[in-house]
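To start, the structure under review is shown below, and the notes come after it.
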Amino acid sequence: MSTQTATPHLVQRTRRSPLARLFAARETGIALALLIVIVVATAQNPKFLFSPDGWRDLLLTPSIMLLIAVGSAIVIVTRNVDLSVGSVVGLSAYMTGRLFIDFPGIPIVLVFLAGLVFGGLLGLVNGVLVSWAKVPALVITLGTMYVYRGINITWTGSSRINASDLPHDFQALGTGSFLGIPYLTIISVLVMVVAGLYLRTRRSGRELYAIGSDPDAAHLYGLRVSRRVIGAFVTSGALAGLAGVVYTARYVTVASQAGNGWELQAIGAAVIGGVAISGGVGTVWGAAIGAYLLMTINRALPVVGINDFWQRAVVGLLIIGAIILDRVLAVRRAKALAALREESA
Amino acid sequence: MSTPSAPVAPPGPSLVLQDVSKSFGSVVALRSGSLELTPGSIHALIGENGAGKSTLVKIIAGLYRRDGGEFRLFGESVDFSSTAQSKAAGIAVIYQEPTLFPDLSVVENIFMGRQPLTRFGGIDRAAMREQTSAIFERLGVDIDPERVTEGLSIADQQIIEIAKAISLEARVLIMDEPTAALSGVEVERLFAVARSLRDEGRALLFISHRFDEVFSLCDTVTVMRDGSYVGSGPLAETSVEELVRQMVGRDVDELFPKLEARIGEEVLRVEHLTSTGLFHDISFSLRAGEILGLAGLVGAGRSEVARAIFGVDGYDSGTVSIQGARLASGSPAKAIARGIALVPEDRRKQGLVLDQGISRNIALSIRQRLSKWGLIWGRPENRAAQVWSSRLEVKAEALDTLTGTLSGGNQQKVVLAKWLATAPRVLIVDEPTRGIDVGTKSEVHRLLSTLAQQGVAILMISSELPEVLGMADRVLVMREGRLTGELSREEATPESVMRAATAGEAA
């Protein structure tokens with residue numbers, strides 16, 4: 001404890017120029033890593049970037065994961081986790097196909113809306129169970145992950161959605177682009193921007209960070225913790241529902257295992273992107289770039305001649321590396337603060 | 001609930017509590033609490049630990065709902081069911097441990113949940129910054145509003161809590177032991193702020209154990225004891241002796257049966273122990289049969305020293321020796337092997353496995369000895385536990401009763417039993433009687449005294465002065481990570497200990 005001013009000036013003046021902040025931001029580092037992956041893969045095989053298919057895949061493949069990663073980031077910021085999103089994607093994807101089969105001529109907008117609402121309802125179940133039953137989200141969403149997948153398998157049976165079941169306009173949405181940017185990518189990026197602005201500039205968005213940073217303090221503040229946590233789960237579910245519709249548009253065939261295992265990739269993307277698993281820290285931009293990095297590495301590894309078998313190991317190393325980096329930085333910061341307090345004592 | 005919007009406080013008291021009570025199951029936390037705060041006054045609330053002060057504060061804050069009694073705010077009867085309601089009614093509470101969001105900026109911490117908005121419904125960051133700067137300027141503090149609150153000193157965190165209260169336009173401000181972890185200069189700064197808030201016509205409640213602070217800051221006082229209101233009146237008409245008598249209500253000597261013990265060889269020697277940011281240059285020795293009291297304010301670094309000696313945490317320099325041989329740092333296992341035992345401060349989190357039974361808990365410290373070919377069976381566990389729980393008179397239905405369901409006093413006995421089973425040479429007890437009832441308290445004291453008689457060296461950390469003065473053969477006092485006093489049993493008085501614990505620039 002110091003006897004002079006309580007906190008040393010050195011620490012107090014942390015305001016830096018916007019450029020310095022940009023370089024210090026976690027998002028910048030991840031974006032740089034993404035760039036390096038693209039450059040290396042393109043150097044090995046120019047078609048990775050400089051071909052219509054390469055360009056399209058680069059933008060299109062990660063856009064579904066991006067939607068889920070954004071939703072996961074919002075939940076993780078509140079110190080919770082949503083393991084059910086992969087199953088929600090599967091259910092919503094199959095429902096999309098069924099809607100086109102059972103209601104021929106249904107407007108595409110309505111199908112998107114249905115995906116959002118349906119996913120949101122599944123998320124509501126998670127949120128209500130987590131905040132009212134006071135059971136850790138890990139357990140609740142592990143349960144709903146299996147329940148939702150089970151419903152999906154029962155519903156789908158041995159049937160599947162095929163391209164012939166879907167209207168041409170909808171398929172065109174999956175393959176078409178505007179100014180060289182696929183429609184689906186535009187949708188994902190728009191969602192990300194809206195979510196990012198919400199978290200940054202809305203009261204309720206900031207409250208999500210507060211809740212994740214210290215749930216007890218949030219309670220003492222009189223914040224409506226349950227309502228906010230439920231809201232986060234509804235958002236995560238709705239985005240997974242939307243991702244299901246996008247999945248069908250992109251792949252046009254849907255079986256009962258659509259989206260299986262994606263929840264873990266989404267969490268990985270968020271963690272790599274700097275969203276702290278202990279809550280309170282991180283942005284959806286980071287999670288989005290993390291999603292792009294993960295999916296792009298998966299595609300780049302075969303190009304640079306690394307066996308498919310190694311893909312998962314590389315993803316795992318990335319996640320562990322990101323967490324160790326966070327830990328090292330935190331310890332270093334704590335040490336520096338202790339030393340500074342010492343000096344001024 | 002009332003949300004008065006008049007900017008000028010109506011005449012009469014701001015806040016009145018009358019015969020308020022609160023129980024948790026069979027435990028009565030507050031029997032009959034009464035309190036009256038008036039605008040433009042700083043009111044002191046004093047009482048021993050467990051007197052019911054914190055429960056009273058939590059009822060005012062809306063964290064607890066009272067079971068009975070009157071609660072009026074500006075003349076209207078209120079009943080808060082959440083902290084949001086008490087906040088909206090104009091009450092701000094500053095807890096002993098600041099409750100901030102460590103990952104968020106100072107500005108966000110002040111305005112969370114009620115940020116100023118722009119025309120488009122987004123948060124107006126510029127306005128937030130401006131208002132924060134204005135408040136900080138008024139308080140005369142220099143904290144970067146944009147930095148995260150993680151890593152701020154307790155004093156700065158408390159300033160942020162006060163800034164929060166000011167931005168709320170709170171008319172009643174409750175401060176629960178805000179000075180416990182502050183240095184002299186920081187206390188003065190806090191008092192200057194408190195006085196200016198008083199002069200603006202707000203009602204303040206100040207809870208403290210430091211009489212010099214109470215007398216220099218407050219004008220009226222309410223004393224509580226054992227969950228009940230004892231008395232209240234202007235501070236000018238009373239004295240420290242009178243207040244202590246009201247607080248304790250009995251003679252200190254009666255409570256603690258200190259037995260004469262023969263003080264023998266030196267067992268533990270600590271030399272120049274230092275851990276950056278926590279404590280500095282701590283040196284002392286402890287003899288067999290001696291009870292050494294370690295006094296000081298919360299946050300003075302006493303528990304940290306104990307943890308370092310026991311090896312839970314490492315330290316930067318210095319040595320710990322047991323019977324002349326050095327003890328390696330950072331290894332509780334080695335410390336236990338050399339005969340040290342530590343009964344920790346927080347028995348629920350650090351002392352017990354709450355989801356397991358009494359015998360499992362007691363046997364935990366001696367599981368090596370009880371195991372046979374690497375396996376532990378229930379019978380030797382129960383046999384060992386039986387011996388200790390009957391010797392300490394643990395009151396429970398069975399040996400497999402979950403320790404989480406026991407009362408605080410019985411939990412503490414189980415923790416003590418666990419460590420006594422290792423037959424320690426040095427027993428470190430950290431706040432051994434915190435939160436346990438008076439009867440069990442004296443049992444624990446008698447036990448410690450008997451152990452000393454049997455030649456165990458005891459280091460007793462305690463924030464309760466009567467306990468330290470009644471039990472210790474010698475008293476060490478720490479302040480802000482340094483040893484500031486060593487007093488013999490004869491020299492140790494409430495005044496001499498408190499002087500060593502608090503004497504800063506303010507004294």
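Lettering and numbering for the structure tokens are positional, with chains as A, B, ... in the shown order, residues counted from 1 in each chain, and ligands counted from 1 in the shown order.
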Distance cut-off 8 Å, counting only C-alpha atoms - which residues of chain B neighbour chain A? Return them as a PyMOL selection string. chain B and resi 63+82-85+87+99-104+112-115+121-123+143-144+146-147+151-153+155-156+182-186+276-277+480-481
Keeping only C-alpha atoms, write those residues as a JSON list (two decimals), in the first residue's frame.
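Done, and the output landed in again.json:
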```
[["chain", "number", "residue", "atom", "x", "y", "z"],
["B", 63, "LEU", "CA", -29.74, -7.23, -0.03],
["B", 82, "SER", "CA", -33.44, -5.46, -4.38],
["B", 83, "THR", "CA", -30.39, -3.25, -4.38],
["B", 84, "ALA", "CA", -31.79, -1.47, -7.42],
["B", 85, "GLN", "CA", -34.73, -0.24, -5.31],
["B", 87, "LYS", "CA", -30.37, 2.81, -5.05],
["B", 99, "THR", "CA", -17.39, -4.14, -5.54],
["B", 100, "LEU", "CA", -16.18, -3.06, -8.94],
["B", 101, "PHE", "CA", -16.00, -4.76, -12.32],
["B", 102, "PRO", "CA", -12.25, -5.37, -12.73],
["B", 103, "ASP", "CA", -12.31, -5.68, -16.53],
["B", 104, "LEU", "CA", -14.20, -2.46, -17.16],
["B", 112, "MET", "CA", -23.01, 1.04, -15.28],
["B", 113, "GLY", "CA", -26.71, 0.50, -15.88],
["B", 114, "ARG", "CA", -27.53, 4.22, -16.06],
["B", 115, "GLN", "CA", -25.13, 5.63, -18.63],
["B", 121, "GLY", "CA", -30.10, 5.66, -27.68],
["B", 122, "GLY", "CA", -26.42, 4.76, -27.64],
["B", 123, "ILE", "CA", -24.11, 5.43, -24.72],
["B", 143, "ILE", "CA", -7.37, 8.77, -11.61],
["B", 144, "ASP", "CA", -7.43, 8.11, -15.34],
["B", 146, "GLU", "CA", -10.38, 5.41, -19.04],
["B", 147, "ARG", "CA", -8.20, 2.83, -17.31],
["B", 151, "GLY", "CA", -4.94, -3.12, -10.28],
["B", 152, "LEU", "CA", -6.19, 0.07, -8.62],
["B", 153, "SER", "CA", -5.38, 0.41, -4.93],
["B", 155, "ALA", "CA", -8.19, 3.55, -1.68],
["B", 156, "ASP", "CA", -8.72, 4.49, -5.33],
["B", 182, "LEU", "CA", -6.21, 2.57, 3.96],
["B", 183, "SER", "CA", -3.06, 4.45, 4.93],
["B", 184, "GLY", "CA", -3.09, 7.72, 6.84],
["B", 185, "VAL", "CA", -3.05, 10.03, 3.84],
["B", 186, "GLU", "CA", -5.74, 8.03, 2.11],
["B", 276, "THR", "CA", 6.92, -7.67, -2.97],
["B", 277, "GLY", "CA", 3.71, -5.73, -2.58],
["B", 480, "GLU", "CA", 0.77, -1.93, 5.75],
["B", 481, "GLY", "CA", 2.99, -4.97, 5.41]]
```
Practice problem: Give me, please, the distance in Å between atom CA of Arg434 of chain B and atom CA of Leu30 of chain B, quoted to one decimal. | Solution: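 Pair atom CA of Arg434 of chain B / atom CA of Leu30 of chain B returns 16.8 Å.
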Give the alpha helix (DSSP H) residues of segment 173-269 of chain B, as DSSP finds them on the backbone, and put them as a PDB file with N, CA and C atoms, in the first residue's frame.
```
ATOM      1  N   GLY B 184      -2.715   6.449   6.229  1.00  0.00           N
ATOM      2  CA  GLY B 184      -3.092   7.717   6.839  1.00  0.00           C
ATOM      3  C   GLY B 184      -3.540   8.773   5.854  1.00  0.00           C
ATOM      4  N   VAL B 185      -2.732   8.996   4.815  1.00  0.00           N
ATOM      5  CA  VAL B 185      -3.049  10.032   3.836  1.00  0.00           C
ATOM      6  C   VAL B 185      -4.366   9.719   3.137  1.00  0.00           C
ATOM      7  N   GLU B 186      -4.529   8.438   2.815  1.00  0.00           N
ATOM      8  CA  GLU B 186      -5.742   8.025   2.111  1.00  0.00           C
ATOM      9  C   GLU B 186      -6.973   8.220   2.984  1.00  0.00           C
ATOM     10  N   VAL B 187      -6.825   7.953   4.286  1.00  0.00           N
ATOM     11  CA  VAL B 187      -7.937   8.157   5.211  1.00  0.00           C
ATOM     12  C   VAL B 187      -8.299   9.638   5.263  1.00  0.00           C
ATOM     13  N   GLU B 188      -7.294  10.503   5.340  1.00  0.00           N
ATOM     14  CA  GLU B 188      -7.552  11.943   5.382  1.00  0.00           C
ATOM     15  C   GLU B 188      -8.315  12.402   4.149  1.00  0.00           C
ATOM     16  N   ARG B 189      -7.901  11.885   2.971  1.00  0.00           N
ATOM     17  CA  ARG B 189      -8.566  12.257   1.734  1.00  0.00           C
ATOM     18  C   ARG B 189     -10.025  11.817   1.769  1.00  0.00           C
ATOM     19  N   LEU B 190     -10.250  10.590   2.262  1.00  0.00           N
ATOM     20  CA  LEU B 190     -11.606  10.072   2.348  1.00  0.00           C
ATOM     21  C   LEU B 190     -12.451  10.924   3.290  1.00  0.00           C
ATOM     22  N   PHE B 191     -11.848  11.323   4.431  1.00  0.00           N
ATOM     23  CA  PHE B 191     -12.590  12.122   5.411  1.00  0.00           C
ATOM     24  C   PHE B 191     -12.945  13.488   4.851  1.00  0.00           C
ATOM     25  N   ALA B 192     -12.024  14.082   4.121  1.00  0.00           N
ATOM     26  CA  ALA B 192     -12.302  15.391   3.530  1.00  0.00           C
ATOM     27  C   ALA B 192     -13.513  15.286   2.606  1.00  0.00           C
ATOM     28  N   VAL B 193     -13.544  14.208   1.815  1.00  0.00           N
ATOM     29  CA  VAL B 193     -14.678  13.999   0.915  1.00  0.00           C
ATOM     30  C   VAL B 193     -15.961  13.799   1.718  1.00  0.00           C
ATOM     31  N   ALA B 194     -15.873  12.979   2.782  1.00  0.00           N
ATOM     32  CA  ALA B 194     -17.063  12.696   3.595  1.00  0.00           C
ATOM     33  C   ALA B 194     -17.609  13.983   4.204  1.00  0.00           C
ATOM     34  N   ARG B 195     -16.706  14.856   4.692  1.00  0.00           N
ATOM     35  CA  ARG B 195     -17.174  16.100   5.315  1.00  0.00           C
ATOM     36  C   ARG B 195     -17.857  17.002   4.303  1.00  0.00           C
ATOM     37  N   SER B 196     -17.315  17.047   3.082  1.00  0.00           N
ATOM     38  CA  SER B 196     -17.944  17.930   2.100  1.00  0.00           C
ATOM     39  C   SER B 196     -19.309  17.373   1.693  1.00  0.00           C
ATOM     40  N   LEU B 197     -19.452  16.053   1.680  1.00  0.00           N
ATOM     41  CA  LEU B 197     -20.764  15.471   1.375  1.00  0.00           C
ATOM     42  C   LEU B 197     -21.748  15.788   2.506  1.00  0.00           C
ATOM     43  N   ARG B 198     -21.249  15.756   3.737  1.00  0.00           N
ATOM     44  CA  ARG B 198     -22.094  16.100   4.889  1.00  0.00           C
ATOM     45  C   ARG B 198     -22.572  17.552   4.770  1.00  0.00           C
ATOM     46  N   ASP B 199     -21.638  18.436   4.410  1.00  0.00           N
ATOM     47  CA  ASP B 199     -21.990  19.847   4.338  1.00  0.00           C
ATOM     48  C   ASP B 199     -22.995  20.134   3.237  1.00  0.00           C
ATOM     49  N   PHE B 211     -11.396   4.077  16.990  1.00  0.00           N
ATOM     50  CA  PHE B 211     -12.056   5.131  17.761  1.00  0.00           C
ATOM     51  C   PHE B 211     -11.550   6.518  17.390  1.00  0.00           C
ATOM     52  N   ASP B 212     -10.234   6.632  17.113  1.00  0.00           N
ATOM     53  CA  ASP B 212      -9.724   7.963  16.774  1.00  0.00           C
ATOM     54  C   ASP B 212     -10.428   8.509  15.536  1.00  0.00           C
ATOM     55  N   GLU B 213     -10.709   7.617  14.583  1.00  0.00           N
ATOM     56  CA  GLU B 213     -11.413   8.063  13.377  1.00  0.00           C
ATOM     57  C   GLU B 213     -12.853   8.446  13.681  1.00  0.00           C
ATOM     58  N   VAL B 214     -13.491   7.620  14.479  1.00  0.00           N
ATOM     59  CA  VAL B 214     -14.886   7.903  14.831  1.00  0.00           C
ATOM     60  C   VAL B 214     -14.987   9.282  15.477  1.00  0.00           C
ATOM     61  N   PHE B 215     -14.073   9.552  16.417  1.00  0.00           N
ATOM     62  CA  PHE B 215     -14.157  10.825  17.130  1.00  0.00           C
ATOM     63  C   PHE B 215     -13.779  12.008  16.251  1.00  0.00           C
ATOM     64  N   SER B 216     -12.879  11.805  15.286  1.00  0.00           N
ATOM     65  CA  SER B 216     -12.476  12.957  14.478  1.00  0.00           C
ATOM     66  C   SER B 216     -13.471  13.233  13.352  1.00  0.00           C
ATOM     67  N   LEU B 217     -14.230  12.211  12.919  1.00  0.00           N
ATOM     68  CA  LEU B 217     -15.096  12.412  11.759  1.00  0.00           C
ATOM     69  C   LEU B 217     -16.561  12.593  12.135  1.00  0.00           C
ATOM     70  N   VAL B 240     -14.054   7.124  24.913  1.00  0.00           N
ATOM     71  CA  VAL B 240     -13.675   5.812  24.398  1.00  0.00           C
ATOM     72  C   VAL B 240     -14.015   4.728  25.425  1.00  0.00           C
ATOM     73  N   GLU B 241     -13.684   4.995  26.693  1.00  0.00           N
ATOM     74  CA  GLU B 241     -13.921   3.994  27.740  1.00  0.00           C
ATOM     75  C   GLU B 241     -15.402   3.629  27.822  1.00  0.00           C
ATOM     76  N   GLU B 242     -16.234   4.669  27.766  1.00  0.00           N
ATOM     77  CA  GLU B 242     -17.672   4.469  27.863  1.00  0.00           C
ATOM     78  C   GLU B 242     -18.166   3.628  26.685  1.00  0.00           C
ATOM     79  N   LEU B 243     -17.678   3.952  25.473  1.00  0.00           N
ATOM     80  CA  LEU B 243     -18.108   3.213  24.283  1.00  0.00           C
ATOM     81  C   LEU B 243     -17.655   1.755  24.362  1.00  0.00           C
ATOM     82  N   VAL B 244     -16.406   1.536  24.764  1.00  0.00           N
ATOM     83  CA  VAL B 244     -15.887   0.165  24.866  1.00  0.00           C
ATOM     84  C   VAL B 244     -16.739  -0.630  25.848  1.00  0.00           C
ATOM     85  N   ARG B 245     -17.095   0.006  26.976  1.00  0.00           N
ATOM     86  CA  ARG B 245     -17.906  -0.683  27.966  1.00  0.00           C
ATOM     87  C   ARG B 245     -19.256  -1.089  27.352  1.00  0.00           C
ATOM     88  N   GLN B 246     -19.851  -0.171  26.578  1.00  0.00           N
ATOM     89  CA  GLN B 246     -21.135  -0.473  25.930  1.00  0.00           C
ATOM     90  C   GLN B 246     -21.000  -1.583  24.892  1.00  0.00           C
ATOM     91  N   MET B 247     -19.884  -1.541  24.166  1.00  0.00           N
ATOM     92  CA  MET B 247     -19.681  -2.536  23.101  1.00  0.00           C
ATOM     93  C   MET B 247     -19.478  -3.931  23.659  1.00  0.00           C
ATOM     94  N   VAL B 248     -18.623  -4.015  24.666  1.00  0.00           N
ATOM     95  CA  VAL B 248     -18.246  -5.328  25.188  1.00  0.00           C
ATOM     96  C   VAL B 248     -19.263  -5.809  26.214  1.00  0.00           C
ATOM     97  N   VAL B 252     -13.244  -8.115  29.956  1.00  0.00           N
ATOM     98  CA  VAL B 252     -12.455  -8.865  28.995  1.00  0.00           C
ATOM     99  C   VAL B 252     -11.849 -10.122  29.619  1.00  0.00           C
ATOM    100  N   ASP B 253     -11.394 -10.026  30.872  1.00  0.00           N
ATOM    101  CA  ASP B 253     -10.660 -11.128  31.482  1.00  0.00           C
ATOM    102  C   ASP B 253     -11.525 -12.363  31.701  1.00  0.00           C
ATOM    103  N   GLU B 254     -12.797 -12.155  31.992  1.00  0.00           N
ATOM    104  CA  GLU B 254     -13.664 -13.291  32.268  1.00  0.00           C
ATOM    105  C   GLU B 254     -13.755 -14.242  31.079  1.00  0.00           C
ATOM    106  N   LEU B 255     -13.753 -13.655  29.885  1.00  0.00           N
ATOM    107  CA  LEU B 255     -14.043 -14.436  28.699  1.00  0.00           C
ATOM    108  C   LEU B 255     -12.965 -15.451  28.357  1.00  0.00           C
TER     109      LEU B 255
END
```
Q. Among segment 116-318 of chain A, which ones does DSSP place in strand (DSSP E or B), written as a PyMOL selection string?
A. chain A and resi 161+177-178+181-182+254
Pull C-alpha atoms from the residues just selected and write them as a CSV table (one decimal), in the first residue's frame.
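To be explicit, this is the file written out as again-v2.csv:
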```csv
chain,number,residue,atom,x,y,z
A,161,ILE,CA,-32.9,-32.3,-47.8
A,177,SER,CA,-22.5,-12.4,-54.9
A,178,PHE,CA,-22.5,-8.7,-55.0
A,181,ILE,CA,-18.6,-10.6,-52.2
A,182,PRO,CA,-20.9,-13.5,-51.6
A,254,VAL,CA,-28.9,-31.3,-45.2
```
Subject >> Atom-to-atom span, atom CA of Leu259 of chain B and atom CA of Ser389 of chain B, Å >> reply: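 Result for atom CA of Leu259 of chain B versus atom CA of Ser389 of chain B: 22.4 Å, one decimal.
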Exercise for review: Name all residues at most 8 Å from Gln18 of chain B (count only C-alpha atoms; drop same-chain ones fewer than 2 positions away) and give them as a ChimeraX atom specification.
Suggested key: /B:16,20,32-35,69-71
Exercise for review: Write out as number ranges by chain each polymer residue whose atoms come within 10 Å of segment 419-426 of chain B, counting only C-alpha atoms; drop sequence neighbours fewer than 4 positions from it.
Suggested key: B: 267-268, 286-290, 322-323, 335-343, 351, 362-366, 369, 384-385, 387-388, 413-415, 451-452, 455-459
If you count only C-alpha atoms, which residues fall within 8 Å of Ala269 of chain A, apart from same-chain ones fewer than 2 positions away, as a PDB file with C-alpha atoms, in the first residue's frame?
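Generated file (selection_2.pdb):
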```pdb
ATOM      1  CA  ALA A  69     -18.836 -17.459 -33.077  1.00  0.00           C
ATOM      2  CA  GLN A 265     -15.126 -24.609 -33.013  1.00  0.00           C
ATOM      3  CA  ALA A 266     -17.186 -21.503 -32.240  1.00  0.00           C
ATOM      4  CA  ILE A 267     -15.876 -21.404 -28.677  1.00  0.00           C
ATOM      5  CA  VAL A 271     -11.108 -17.710 -27.377  1.00  0.00           C
ATOM      6  CA  ILE A 272      -8.525 -17.301 -30.136  1.00  0.00           C
ATOM      7  CA  GLY A 273     -10.101 -13.932 -30.874  1.00  0.00           C
ATOM      8  CA  ALA A 287     -14.391 -13.757 -32.343  1.00  0.00           C
ATOM      9  CA  ALA A 288     -15.232 -13.141 -36.014  1.00  0.00           C
ATOM     10  CA  ILE A 289     -11.584 -12.868 -37.023  1.00  0.00           C
ATOM     11  CA  GLY A 290     -10.907 -15.956 -34.912  1.00  0.00           C
ATOM     12  CA  ALA A 291     -13.567 -17.826 -36.882  1.00  0.00           C
ATOM     13  CA  LEU A 293      -8.574 -17.797 -38.952  1.00  0.00           C
ATOM     14  CA  LEU A 294      -9.772 -21.231 -37.840  1.00  0.00           C
TER      15      LEU A 294
END
```
Closest of B:Gln157, B:Gly201, B:Arg125, B:Ala134 to Gly40 of chain B, counting only C-alpha atoms, is B:Gly201
Determine, counting only C-alpha atoms, which protein, DNA and RNA residues have an atom within 10 Å of an atom of segment 307-316 of chain B; residues of the same chain fewer than 3 positions away are not included. Present the result as a ChimeraX atom specification.
/B:268-270,273-276,278-280,301-304,319-321,327-336,340-342,344,428,430
Can you write just those residues out, C-alpha atoms, as a PDB file, in the first residue's frame?
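Final file, selection-v7.pdb:
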```pdb
ATOM      1  CA  LEU B 268      10.056 -20.977  14.846  1.00  0.00           C
ATOM      2  CA  ARG B 269      12.301 -18.193  13.631  1.00  0.00           C
ATOM      3  CA  VAL B 270      11.343 -15.869  10.797  1.00  0.00           C
ATOM      4  CA  LEU B 273      10.739 -12.241   5.258  1.00  0.00           C
ATOM      5  CA  THR B 274       9.695 -10.116   2.271  1.00  0.00           C
ATOM      6  CA  SER B 275       7.195 -10.533  -0.522  1.00  0.00           C
ATOM      7  CA  THR B 276       6.915  -7.669  -2.974  1.00  0.00           C
ATOM      8  CA  LEU B 278       2.503  -7.786   0.410  1.00  0.00           C
ATOM      9  CA  PHE B 279       4.927  -7.564   3.344  1.00  0.00           C
ATOM     10  CA  HIS B 280       8.450  -6.388   4.165  1.00  0.00           C
ATOM     11  CA  GLY B 301      -0.555  -8.421   5.457  1.00  0.00           C
ATOM     12  CA  ARG B 302      -0.869 -10.729   8.476  1.00  0.00           C
ATOM     13  CA  SER B 303      -2.544 -13.625   6.678  1.00  0.00           C
ATOM     14  CA  GLU B 304      -0.079 -13.259   3.827  1.00  0.00           C
ATOM     15  CA  THR B 319      14.186 -17.219   5.827  1.00  0.00           C
ATOM     16  CA  VAL B 320      11.909 -19.395   7.914  1.00  0.00           C
ATOM     17  CA  SER B 321      13.544 -21.843  10.315  1.00  0.00           C
ATOM     18  CA  LEU B 327      12.385 -24.590   5.941  1.00  0.00           C
ATOM     19  CA  ALA B 328      12.124 -24.644   2.158  1.00  0.00           C
ATOM     20  CA  SER B 329       9.693 -22.068   0.782  1.00  0.00           C
ATOM     21  CA  GLY B 330       6.560 -22.780  -1.197  1.00  0.00           C
ATOM     22  CA  SER B 331       5.779 -26.270   0.079  1.00  0.00           C
ATOM     23  CA  PRO B 332       2.982 -26.858   2.602  1.00  0.00           C
ATOM     24  CA  ALA B 333       3.830 -30.577   2.514  1.00  0.00           C
ATOM     25  CA  LYS B 334       7.322 -29.870   3.857  1.00  0.00           C
ATOM     26  CA  ALA B 335       5.944 -27.430   6.395  1.00  0.00           C
ATOM     27  CA  ILE B 336       3.516 -30.057   7.684  1.00  0.00           C
ATOM     28  CA  ILE B 340       3.643 -26.606  11.226  1.00  0.00           C
ATOM     29  CA  ALA B 341      -0.137 -26.410  10.998  1.00  0.00           C
ATOM     30  CA  LEU B 342      -2.226 -23.537   9.640  1.00  0.00           C
ATOM     31  CA  PRO B 344      -6.874 -20.646   7.796  1.00  0.00           C
ATOM     32  CA  ILE B 428      -0.782 -20.901  13.248  1.00  0.00           C
ATOM     33  CA  ASP B 430      -5.835 -17.111  11.510  1.00  0.00           C
TER      34      ASP B 430
END
```
re atom CA of Ala126 of chain B and atom CA of Val106 of chain B: distance 13.6 Å
Contact table segment 245-272 of chain A vs segment 106-120 of chain A, cut-off 12 Å, shortest pair per residue, only C-alpha atoms, as a tab-separated table:
```
residue	atom	partner	partner_atom	distance
A:Val245	CA	A:Gly115	CA	6.1
A:Val246	CA	A:Phe112	CA	8.4
A:Tyr247	CA	A:Gly115	CA	11.0
A:Thr248	CA	A:Phe112	CA	10.9
A:Ala249	CA	A:Phe112	CA	10.6
```
Of B:Leu297, B:Ile59, B:Ala236, B:Ile42, the one nearest to Glu200 of chain B when counting only C-alpha atoms is B:Ile42
Exercise. Would you mind telling me which residue in A:Ile151, A:Val304, A:Leu173, A:Leu318 lies nearest to Pro46 of chain A when using only C-alpha atoms?
Key: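 Among the listed residues, A:Val304 lies closest to Pro46 of chain A.
Compared by their closest atoms to Gln257 of chain A, and using only C-alpha atoms, the residues A:Gly90, A:Gly123, A:Gly237, A:Gly157 rank with A:Gly90 nearest.
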Of A:Met95, A:Leu124, A:Ala313, A:Leu67, the one nearest to Leu190 of chain A when counting only C-alpha atoms is A:Leu67
Write out as a ChimeraX atom specification each polymer residue whose atoms come within 8 Å of segment 487-503 of chain B, counting only C-alpha atoms; drop sequence neighbours fewer than 6 positions from it.
-> /B:184,210,295-297,465-466,469,472-479
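Distance annotation: of B:Tyr95, B:Phe284, B:Tyr64, B:Phe24, the residue with the minimal separation from Ile207 of chain B is B:Tyr95; atom set is only C-alpha atoms.
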